[in-house]
$ cat coords.cif   # mmCIF, C-alpha atoms
data_model
#
loop_
_atom_site.label_atom_id
_atom_site.label_comp_id
_atom_site.auth_asym_id
_atom_site.auth_seq_id
_atom_site.Cartn_x
_atom_site.Cartn_y
_atom_site.Cartn_z
CA MET A 21 30.68 95.55 6.35
CA ILE A 22 28.22 92.94 5.08
CA SER A 23 30.10 90.23 6.93
CA ASP A 24 29.77 92.10 10.26
CA HIS A 25 26.06 92.58 9.63
CA MET A 26 25.53 88.86 8.94
CA ARG A 27 27.46 87.90 12.06
CA MET A 28 25.30 90.24 14.14
CA ARG A 29 22.09 88.70 12.70
CA ARG A 30 23.33 85.21 13.52
CA VAL A 31 24.16 86.21 17.09
CA LEU A 32 20.70 87.75 17.56
CA LEU A 33 18.99 84.68 16.10
CA SER A 34 20.99 82.42 18.41
CA VAL A 35 20.00 84.48 21.44
CA VAL A 36 16.32 84.37 20.42
CA LEU A 37 16.44 80.59 19.92
CA VAL A 38 18.07 80.08 23.30
CA CYS A 39 15.37 82.20 24.96
CA ILE A 40 12.60 80.23 23.24
CA VAL A 41 14.10 76.91 24.36
CA CYS A 42 14.49 78.16 27.94
CA LEU A 43 10.89 79.34 28.02
CA ALA A 44 9.68 75.98 26.69
CA PHE A 45 11.58 74.05 29.36
CA THR A 46 10.38 76.42 32.08
CA SER A 47 6.77 75.99 30.95
CA LEU A 48 7.12 72.20 30.87
CA ALA A 49 8.67 72.08 34.33
CA SER A 50 5.97 74.28 35.84
CA ALA A 51 3.23 72.09 34.33
CA GLN A 52 4.50 68.99 36.09
CA THR A 53 3.06 68.18 39.49
CA ASP A 54 5.57 67.82 42.31
CA PRO A 55 5.77 64.10 43.28
CA PHE A 56 5.78 65.16 46.95
CA TYR A 57 2.18 66.36 46.70
CA LEU A 58 1.13 63.22 44.83
CA ARG A 59 2.59 61.08 47.63
CA LEU A 60 0.88 63.27 50.22
CA LEU A 61 -2.43 62.86 48.37
CA ALA A 62 -2.06 59.07 48.49
CA LYS A 63 -1.18 59.24 52.20
CA ALA A 64 -4.25 61.38 52.90
CA GLN A 65 -6.49 58.92 51.05
CA LYS A 66 -5.18 56.08 53.22
CA SER A 67 -5.87 58.10 56.37
CA PHE A 68 -9.39 58.82 55.12
CA LEU A 69 -10.10 55.14 54.47
CA ALA A 70 -8.73 54.29 57.94
CA GLY A 71 -11.14 56.77 59.53
CA ASN A 72 -8.39 59.20 60.61
CA TYR A 73 -10.30 62.21 59.30
CA GLY A 74 -8.28 64.85 61.15
CA ASP A 75 -4.99 63.64 59.64
CA ALA A 76 -6.67 63.21 56.26
CA ALA A 77 -8.06 66.75 56.19
CA ARG A 78 -4.68 68.24 57.11
CA ASP A 79 -2.77 66.29 54.45
CA PHE A 80 -5.44 66.89 51.80
CA GLU A 81 -5.23 70.66 52.40
CA ILE A 82 -1.44 70.65 51.95
CA ALA A 83 -1.71 68.43 48.87
CA ALA A 84 -4.41 70.65 47.32
CA PHE A 85 -2.07 73.64 47.59
CA GLY A 86 0.57 71.86 45.47
CA LEU A 87 -1.82 70.29 42.97
CA ASN A 88 -2.80 73.54 41.29
CA GLN A 89 -1.39 72.28 37.98
CA ASP A 90 -3.88 69.40 37.92
CA ILE A 91 -7.43 70.68 38.35
CA ALA A 92 -8.95 67.19 38.58
CA LEU A 93 -6.63 66.16 41.44
CA GLN A 94 -7.10 69.46 43.22
CA ALA A 95 -10.89 69.09 42.96
CA GLN A 96 -10.56 65.54 44.31
CA ALA A 97 -8.61 66.84 47.31
CA TYR A 98 -11.22 69.52 48.06
CA PHE A 99 -14.09 67.00 47.98
CA PHE A 100 -12.18 64.67 50.31
CA ILE A 101 -11.52 67.60 52.66
CA GLY A 102 -15.21 68.47 52.66
CA LEU A 103 -16.12 64.88 53.51
CA SER A 104 -13.47 64.70 56.23
CA TYR A 105 -14.73 67.85 57.94
CA SER A 106 -18.31 66.59 57.73
CA TYR A 107 -17.25 63.48 59.69
CA LEU A 108 -15.45 65.80 62.13
CA LYS A 109 -18.74 67.74 62.57
CA ASP A 110 -17.27 70.99 61.20
CA VAL A 111 -20.15 72.11 58.97
CA LYS A 112 -18.70 75.47 57.86
CA LYS A 113 -15.39 74.03 56.67
CA SER A 114 -17.16 71.10 55.02
CA GLU A 115 -19.39 73.41 52.98
CA SER A 116 -16.53 75.77 52.07
CA PHE A 117 -14.27 73.03 50.67
CA LEU A 118 -17.11 71.24 48.87
CA ARG A 119 -18.02 74.48 47.10
CA GLN A 120 -14.40 75.00 46.04
CA GLY A 121 -14.28 71.45 44.75
CA ALA A 122 -17.52 71.90 42.80
CA GLU A 123 -16.15 75.05 41.14
CA LEU A 124 -13.00 73.22 40.07
CA LEU A 125 -14.93 70.13 38.94
CA GLY A 126 -16.92 72.15 36.45
CA GLU A 127 -18.55 69.89 33.88
CA ARG A 128 -16.41 66.89 34.75
CA SER A 129 -18.03 63.76 36.16
CA LEU A 130 -17.96 62.90 39.86
CA ALA A 131 -16.41 59.60 38.79
CA ILE A 132 -12.99 61.25 38.29
CA LEU A 133 -12.84 62.02 42.03
CA GLN A 134 -12.50 58.31 42.91
CA ILE A 135 -14.55 58.74 46.09
CA PRO A 136 -15.00 55.36 47.87
CA ASP A 137 -18.39 53.74 47.24
CA SER A 138 -19.13 53.75 50.98
CA ALA A 139 -18.72 57.56 51.13
CA LEU A 140 -20.53 58.50 47.91
CA PRO A 141 -24.01 58.49 49.52
CA ASP A 142 -22.71 60.87 52.20
CA LEU A 143 -21.23 63.15 49.54
CA GLU A 144 -24.52 63.25 47.65
CA LYS A 145 -26.42 64.02 50.85
CA LEU A 146 -23.99 66.86 51.66
CA LEU A 147 -24.27 68.37 48.19
CA THR A 148 -28.05 68.32 48.50
CA PHE A 149 -27.96 69.71 52.05
CA PHE A 150 -25.67 72.63 51.08
CA ASP A 151 -27.57 73.13 47.81
CA ILE A 152 -24.34 72.80 45.80
CA GLN A 153 -25.26 72.48 42.14
CA LEU A 154 -22.75 70.70 39.94
CA ALA A 155 -22.43 71.87 36.35
CA LEU A 156 -24.02 69.52 33.84
CA PRO A 157 -22.30 68.51 30.57
CA ALA A 158 -23.40 70.46 27.52
CA PRO A 159 -26.31 68.75 25.71
CA SER A 160 -25.73 67.11 22.36
CA ILE A 161 -26.79 69.11 19.31
CA ASP A 162 -27.86 65.94 17.49
CA PRO A 163 -31.63 65.33 17.51
CA PRO A 164 -32.65 62.32 19.64
CA ALA A 165 -33.68 59.08 18.03
CA PRO A 166 -37.46 58.44 17.91
CA GLN A 167 -37.25 55.92 20.79
CA GLU A 168 -35.20 58.30 22.92
CA LYS A 169 -37.55 61.18 22.14
CA GLU A 170 -40.51 59.11 23.36
CA LYS A 171 -38.67 58.30 26.62
CA GLN A 172 -37.85 61.98 27.16
CA GLU A 173 -41.48 62.99 26.66
CA LYS A 174 -42.64 60.40 29.18
CA SER A 175 -40.00 61.34 31.77
CA SER A 176 -40.85 65.04 31.44
CA GLU A 177 -44.25 64.32 33.00
CA PHE A 178 -42.53 63.80 36.37
CA PRO A 179 -40.84 66.43 38.57
CA PRO A 180 -37.02 66.54 38.44
CA GLU A 181 -35.15 64.41 40.96
CA THR A 182 -33.24 66.10 43.75
CA GLY A 183 -30.29 63.70 43.54
CA LEU A 184 -27.20 64.04 41.39
CA LYS A 185 -28.17 61.46 38.77
CA ALA A 186 -30.95 61.80 36.24
CA PRO A 187 -33.55 58.99 36.30
CA GLU A 188 -32.90 56.20 33.85
CA SER A 189 -36.56 55.60 33.05
CA ASP A 190 -40.06 56.70 33.92
CA GLU A 191 -40.68 53.47 35.85
CA LYS A 192 -37.74 54.25 38.14
CA VAL A 193 -39.03 57.79 38.77
CA THR A 194 -42.46 56.45 39.68
CA ALA A 195 -40.94 54.01 42.17
CA ASN A 196 -38.87 56.75 43.79
CA ASN A 197 -41.86 59.07 44.07
CA ASP A 198 -43.86 56.34 45.80
CA GLN A 199 -41.14 55.69 48.36
CA GLN A 200 -40.07 59.18 49.38
CA ASP A 201 -41.38 62.71 49.51
CA PRO A 202 -40.23 65.21 46.87
CA GLY A 203 -37.11 67.07 47.99
CA SER A 204 -36.20 64.55 50.69
CA THR A 205 -32.61 63.37 51.06
CA PRO A 206 -31.90 60.04 49.34
CA PRO A 207 -31.56 57.17 51.87
CA LEU A 208 -28.05 56.08 52.84
CA THR A 209 -27.01 52.94 50.98
CA LEU A 210 -23.80 50.99 51.48
CA ASP A 211 -23.26 48.23 48.97
CA LYS A 212 -21.07 45.19 49.26
CA ILE A 213 -20.28 45.57 52.97
CA LYS A 214 -18.35 42.57 54.34
CA GLU A 215 -17.61 41.52 57.92
CA GLY A 216 -14.48 43.28 59.11
CA ASP A 217 -14.77 46.26 56.75
CA LEU A 218 -13.78 49.62 58.22
CA ILE A 219 -16.83 51.92 58.38
CA ALA A 220 -17.19 55.50 59.61
CA LEU A 221 -18.76 55.63 63.08
CA ASN A 222 -21.67 57.83 61.98
CA MET A 223 -22.66 55.34 59.28
CA VAL A 224 -23.19 52.20 61.38
CA ASP A 225 -26.57 50.98 62.62
CA THR A 226 -25.40 49.99 66.12
CA LEU A 227 -22.44 51.48 67.99
CA PRO A 228 -19.89 49.37 69.89
CA VAL A 229 -20.96 48.61 73.46
CA ALA A 230 -18.30 48.00 76.13
CA THR A 231 -18.69 44.61 77.84
CA ARG A 232 -15.46 44.86 79.86
CA ARG A 233 -13.94 48.10 81.13
CA ILE A 234 -10.48 48.08 82.67
CA PRO A 235 -9.91 51.14 84.88
CA ALA A 236 -6.83 53.19 84.17
CA VAL A 237 -4.17 53.19 86.88
CA TYR A 238 -3.07 56.61 88.14
CA PRO A 239 0.64 56.91 87.20
CA SER A 240 2.88 56.29 90.19
CA SER A 241 5.30 58.91 88.88
CA ALA A 242 2.55 61.51 89.32
CA SER A 243 1.45 60.45 92.82
CA GLY A 244 1.12 63.45 95.06
CA SER A 245 0.86 65.82 92.12
CA LYS A 246 -2.96 65.96 92.35
CA ILE A 247 -3.23 66.14 88.55
CA THR A 248 -6.74 65.73 87.19
CA GLY A 249 -8.08 65.69 83.68
CA THR A 250 -9.43 63.64 80.82
CA ILE A 251 -7.55 61.70 78.16
CA THR A 252 -9.49 61.16 74.93
CA ILE A 253 -8.40 58.14 72.91
CA ASN A 254 -9.47 57.18 69.41
CA ALA A 255 -9.81 53.38 69.49
CA LEU A 256 -10.06 51.09 66.48
CA ILE A 257 -12.54 48.41 67.55
CA SER A 258 -12.48 45.26 65.45
CA GLU A 259 -15.39 43.14 64.26
CA LYS A 260 -14.45 40.75 67.11
CA GLY A 261 -14.89 43.48 69.73
CA SER A 262 -11.18 43.94 70.52
CA VAL A 263 -9.26 47.20 70.52
CA ILE A 264 -6.57 46.70 67.89
CA LYS A 265 -5.19 50.23 67.61
CA THR A 266 -5.28 53.46 69.60
CA GLU A 267 -4.39 57.10 69.05
CA ILE A 268 -4.37 59.97 71.53
CA ILE A 269 -6.82 62.68 70.48
CA GLN A 270 -6.42 64.91 73.54
CA GLY A 271 -4.14 64.58 76.54
CA ILE A 272 -3.57 66.40 79.81
CA LYS A 273 -1.25 69.34 79.29
CA GLY A 274 1.99 69.10 81.22
CA ALA A 275 1.22 65.61 82.57
CA VAL A 276 3.59 62.67 82.13
CA GLY A 277 2.55 59.02 82.07
CA PHE A 278 -1.20 59.60 81.78
CA ASP A 279 -1.38 58.92 78.03
CA GLN A 280 0.34 55.57 78.49
CA ALA A 281 -1.87 54.62 81.45
CA ALA A 282 -5.06 55.44 79.55
CA THR A 283 -3.88 53.59 76.44
CA GLN A 284 -2.91 50.46 78.38
CA ALA A 285 -6.36 50.35 79.98
CA VAL A 286 -8.35 50.91 76.77
CA ARG A 287 -6.33 48.26 74.94
CA ARG A 288 -7.77 45.67 77.36
CA TRP A 289 -11.41 46.71 76.93
CA LYS A 290 -13.86 44.39 75.17
CA PHE A 291 -16.90 45.38 73.13
CA GLU A 292 -19.94 44.15 71.33
CA PRO A 293 -18.82 45.23 67.85
CA ALA A 294 -20.52 47.81 65.67
CA THR A 295 -22.90 46.50 63.02
CA ILE A 296 -24.41 47.74 59.80
CA LYS A 297 -27.22 45.77 58.22
CA GLY A 298 -26.45 43.09 60.81
CA ILE A 299 -22.84 42.77 59.63
CA LYS A 300 -20.06 43.21 62.19
CA VAL A 301 -17.58 45.90 61.13
CA LYS A 302 -14.52 47.81 62.37
CA VAL A 303 -14.92 51.40 63.56
CA TRP A 304 -12.85 54.15 65.13
CA MET A 305 -14.55 55.41 68.30
CA PRO A 306 -13.42 58.07 70.81
CA ILE A 307 -13.16 56.94 74.44
CA SER A 308 -12.63 59.30 77.39
CA ILE A 309 -10.62 58.26 80.45
CA VAL A 310 -10.98 60.52 83.51
CA PHE A 311 -8.14 60.82 86.02
CA LYS A 312 -9.04 62.17 89.47
CA LYS A 313 -6.86 63.40 92.31
CA GLN A 314 -5.23 60.68 94.39
CA GLU A 315 -6.23 60.76 98.06
#

$ encode --input "coords.cif" --output "C-alpha cells"
Amino acid sequence: MISDHMRMRRVLLSVVLVCIVCLAFTSLASAQTDPFYLRLLAKAQKSFLAGNYGDAARDFEIAAFGLNQDIALQAQAYFFIGLSYSYLKDVKKSESFLRQGAELLGERSLAILQIPDSALPDLEKLLTFFDIQLALPAPSIDPPAPQEKEKQEKSSEFPPETGLKAPESDEKVTANNDQQDPGSTPPLTLDKIKEGDLIALNMVDTLPVATRRIPAVYPSSASGSKITGTITINALISEKGSVIKTEIIQGIKGAVGFDQAATQAVRRWKFEPATIKGIKVKVWMPISIVFKKQE
C-alpha cells in the first residue's frame, strides 16, 4: 500500500517537473525576436538612408509588428516610420507613429534609436511641431554639489528651452536667446556633410536643375493606341549631375513599354547637382514624363 502511494507521488512530481521545464522553454522561445524581423529592420534602415522612404516605411511597419518582444527596437522602428512619412508629406501618419514611438521609448534616451545624425534635427523639429513630450529620466535623490547647485540657480533665471536637450550652461542659454525667439523651432543643422553624401531632397539648399533633357520616345509597340498619361520616375542624381539610378513611382495603367521609354530618357538627362552649404550632394528627385497621343 505504501509502495503504491510512493510510486504515485513520484509520477505526479515527474509530471509537474516536465510541465515546469516546458513552460520555461516556451517562455524563453517567445522572448526571442524572430531573425526575420531583425533582417527586415536592417533592410528598412538601408532604404531610409538611400532616400527610398516609401519602401522604408512599409518594411519598418512590418518589422515593428514582429519586434514586440524588444521595446527599444520597436520604438526605433516607429520613430523611423514617423520620419519616413514626414518626408513623404503624410503629416497624420507621421504624427501617429511618432507618438507611438514616444510612448514606447518612455524614459530611455533618444540615443538608443540610432537615428542618423543628418535626420536628428528633423526628428527634433517634428517632436516640437507635434508637441510630443518625451519622458525625462527620474532625478537623482542625492543633493547636488555646491558648484552644481550654483549652476542650477543661475540657469533657473532663464526660461526653459523648447528643444529636447537641457542647456549645458547659462552662457549657452544666453546665446540661444539672443539668436532666436522663444518657442521657435531650432535651425536645421547638418554636420560633417561631404561631397557625394546622399541627402534628403527637402534638406538641400539648392535643388538639381536639368541642363539637358532628352525627350522620351513614344513606344512603337503602342503606336495607334492613342495612350496618354504621365510616368513619374524617382531619379538618383549624383554630385556630378548624372542620373545613376531610377525607380518607377507611378506608371500608366495597362500600358506596355512606356516605363522603359521614360526610364531610358531620364537616364540620359544631365543636371546641375543639388548642394547644401555649397557642397555637391546626391539626392533622389521625382521626375514626370508626359506621353501624348501620336498623330

$ closest_residue --input "coords.cif" --among "A:Ile135, A:Ile219, A:Leu125, A:Ile269" --to "A:Gly74" --atoms "only C-alpha atoms"
A:Ile269

$ closest_residue --input "coords.cif" --among "A:Ile101, A:Val310, A:Ile213, A:Leu133" --to "A:Tyr73" --atoms "only C-alpha atoms"
A:Ile101

$ atom_distance --input "coords.cif" --atom1 "atom CA of A:Pro136" --atom2 "atom CA of A:Tyr98"
14.7 Å

$ closest_residue --input "coords.cif" --among "A:Pro306, A:Pro141, A:Pro239, A:Gly126" --to "A:Gln280" --atoms "all atoms listed in the file"
A:Pro239

$ closest_residue --input "coords.cif" --among "A:Ala122, A:Ala282, A:Ala294, A:Leu130" --to "A:Leu227" --atoms "all atoms listed in the file"
A:Ala294

$ resolve_selection --input "coords.cif" --expression "the PyMOL selection byres ((chain A and resi 247-260) around 7)" --output "JSON, numbers by chain"
{"A": [215, 216, 245, 246, 261, 262, 263, 264, 265, 266, 267, 268, 269, 270, 271, 272, 279, 282, 293, 300, 301, 302, 303, 304, 305, 306, 307, 308, 309, 310, 311, 312, 313]}

$ atom_distance --input "coords.cif" --atom1 "atom CA of A:Ser114" --atom2 "atom CA of A:Phe80"
12.9 Å

$ resolve_selection --input "coords.cif" --expression "the PyMOL selection byres ((chain A and resi 95) around 12)" --output "mmCIF file with C-alpha atoms, keeping the file's coordinate frame"
data_model
loop_
_atom_site.group_PDB
_atom_site.id
_atom_site.type_symbol
_atom_site.label_atom_id
_atom_site.label_comp_id
_atom_site.auth_asym_id
_atom_site.auth_seq_id
_atom_site.Cartn_x
_atom_site.Cartn_y
_atom_site.Cartn_z
ATOM 1 C CA LEU A 61 -2.430 62.860 48.370
ATOM 2 C CA PHE A 80 -5.440 66.890 51.800
ATOM 3 C CA GLU A 81 -5.230 70.660 52.400
ATOM 4 C CA ALA A 83 -1.710 68.430 48.870
ATOM 5 C CA ALA A 84 -4.410 70.650 47.320
ATOM 6 C CA PHE A 85 -2.070 73.640 47.590
ATOM 7 C CA LEU A 87 -1.820 70.290 42.970
ATOM 8 C CA ASN A 88 -2.800 73.540 41.290
ATOM 9 C CA GLN A 89 -1.390 72.280 37.980
ATOM 10 C CA ASP A 90 -3.880 69.400 37.920
ATOM 11 C CA ILE A 91 -7.430 70.680 38.350
ATOM 12 C CA ALA A 92 -8.950 67.190 38.580
ATOM 13 C CA LEU A 93 -6.630 66.160 41.440
ATOM 14 C CA GLN A 94 -7.100 69.460 43.220
ATOM 15 C CA GLN A 96 -10.560 65.540 44.310
ATOM 16 C CA ALA A 97 -8.610 66.840 47.310
ATOM 17 C CA TYR A 98 -11.220 69.520 48.060
ATOM 18 C CA PHE A 99 -14.090 67.000 47.980
ATOM 19 C CA PHE A 100 -12.180 64.670 50.310
ATOM 20 C CA ILE A 101 -11.520 67.600 52.660
ATOM 21 C CA GLY A 102 -15.210 68.470 52.660
ATOM 22 C CA PHE A 117 -14.270 73.030 50.670
ATOM 23 C CA LEU A 118 -17.110 71.240 48.870
ATOM 24 C CA ARG A 119 -18.020 74.480 47.100
ATOM 25 C CA GLN A 120 -14.400 75.000 46.040
ATOM 26 C CA GLY A 121 -14.280 71.450 44.750
ATOM 27 C CA ALA A 122 -17.520 71.900 42.800
ATOM 28 C CA GLU A 123 -16.150 75.050 41.140
ATOM 29 C CA LEU A 124 -13.000 73.220 40.070
ATOM 30 C CA LEU A 125 -14.930 70.130 38.940
ATOM 31 C CA GLY A 126 -16.920 72.150 36.450
ATOM 32 C CA GLU A 127 -18.550 69.890 33.880
ATOM 33 C CA ARG A 128 -16.410 66.890 34.750
ATOM 34 C CA SER A 129 -18.030 63.760 36.160
ATOM 35 C CA LEU A 130 -17.960 62.900 39.860
ATOM 36 C CA ALA A 131 -16.410 59.600 38.790
ATOM 37 C CA ILE A 132 -12.990 61.250 38.290
ATOM 38 C CA LEU A 133 -12.840 62.020 42.030
ATOM 39 C CA GLN A 134 -12.500 58.310 42.910
ATOM 40 C CA ILE A 135 -14.550 58.740 46.090
#

$ resolve_selection --input "coords.cif" --expression "the PyMOL selection byres ((chain A and resi 223) around 10)" --output "NGL selection string"
:A and (107 or 138-139 or 142 or 208-210 or 219-222 or 224-227 or 295-296 or 303)

$ atom_distance --input "coords.cif" --atom1 "atom CA of A:Val286" --atom2 "atom CA of A:Phe68"
23.1 Å

$ residues_near_point --input "coords.cif" --point "(5.8, 64.2, 85.5)" --cutoff "8 Å" --atoms "all atoms listed in the file" --output "number ranges by chain"
A: 241-242, 274-277

$ closest_atom_pairs --input "coords.cif" --of "stretch 246-314 of chain A" --to "stretch 229-233 of chain A" --cutoff "7 Å" --atoms "all atoms listed in the file" --output "tab-separated table"
residue	atom	partner	partner_atom	distance
A:Trp289	CA	A:Arg233	CA	5.1
A:Lys290	CA	A:Arg232	CA	5.0
A:Phe291	CA	A:Ala230	CA	4.2
A:Glu292	CA	A:Val229	CA	5.0
A:Pro293	CA	A:Val229	CA	6.9

$ write_last_selection --input "coords.cif" --atoms "C-alpha atoms" --output "PDB file, in the frame of the given file"
ATOM      1  CA  TRP A 289     -11.410  46.710  76.930  1.00  0.00           C
ATOM      2  CA  LYS A 290     -13.860  44.390  75.170  1.00  0.00           C
ATOM      3  CA  PHE A 291     -16.900  45.380  73.130  1.00  0.00           C
ATOM      4  CA  GLU A 292     -19.940  44.150  71.330  1.00  0.00           C
ATOM      5  CA  PRO A 293     -18.820  45.230  67.850  1.00  0.00           C
TER       6      PRO A 293
END
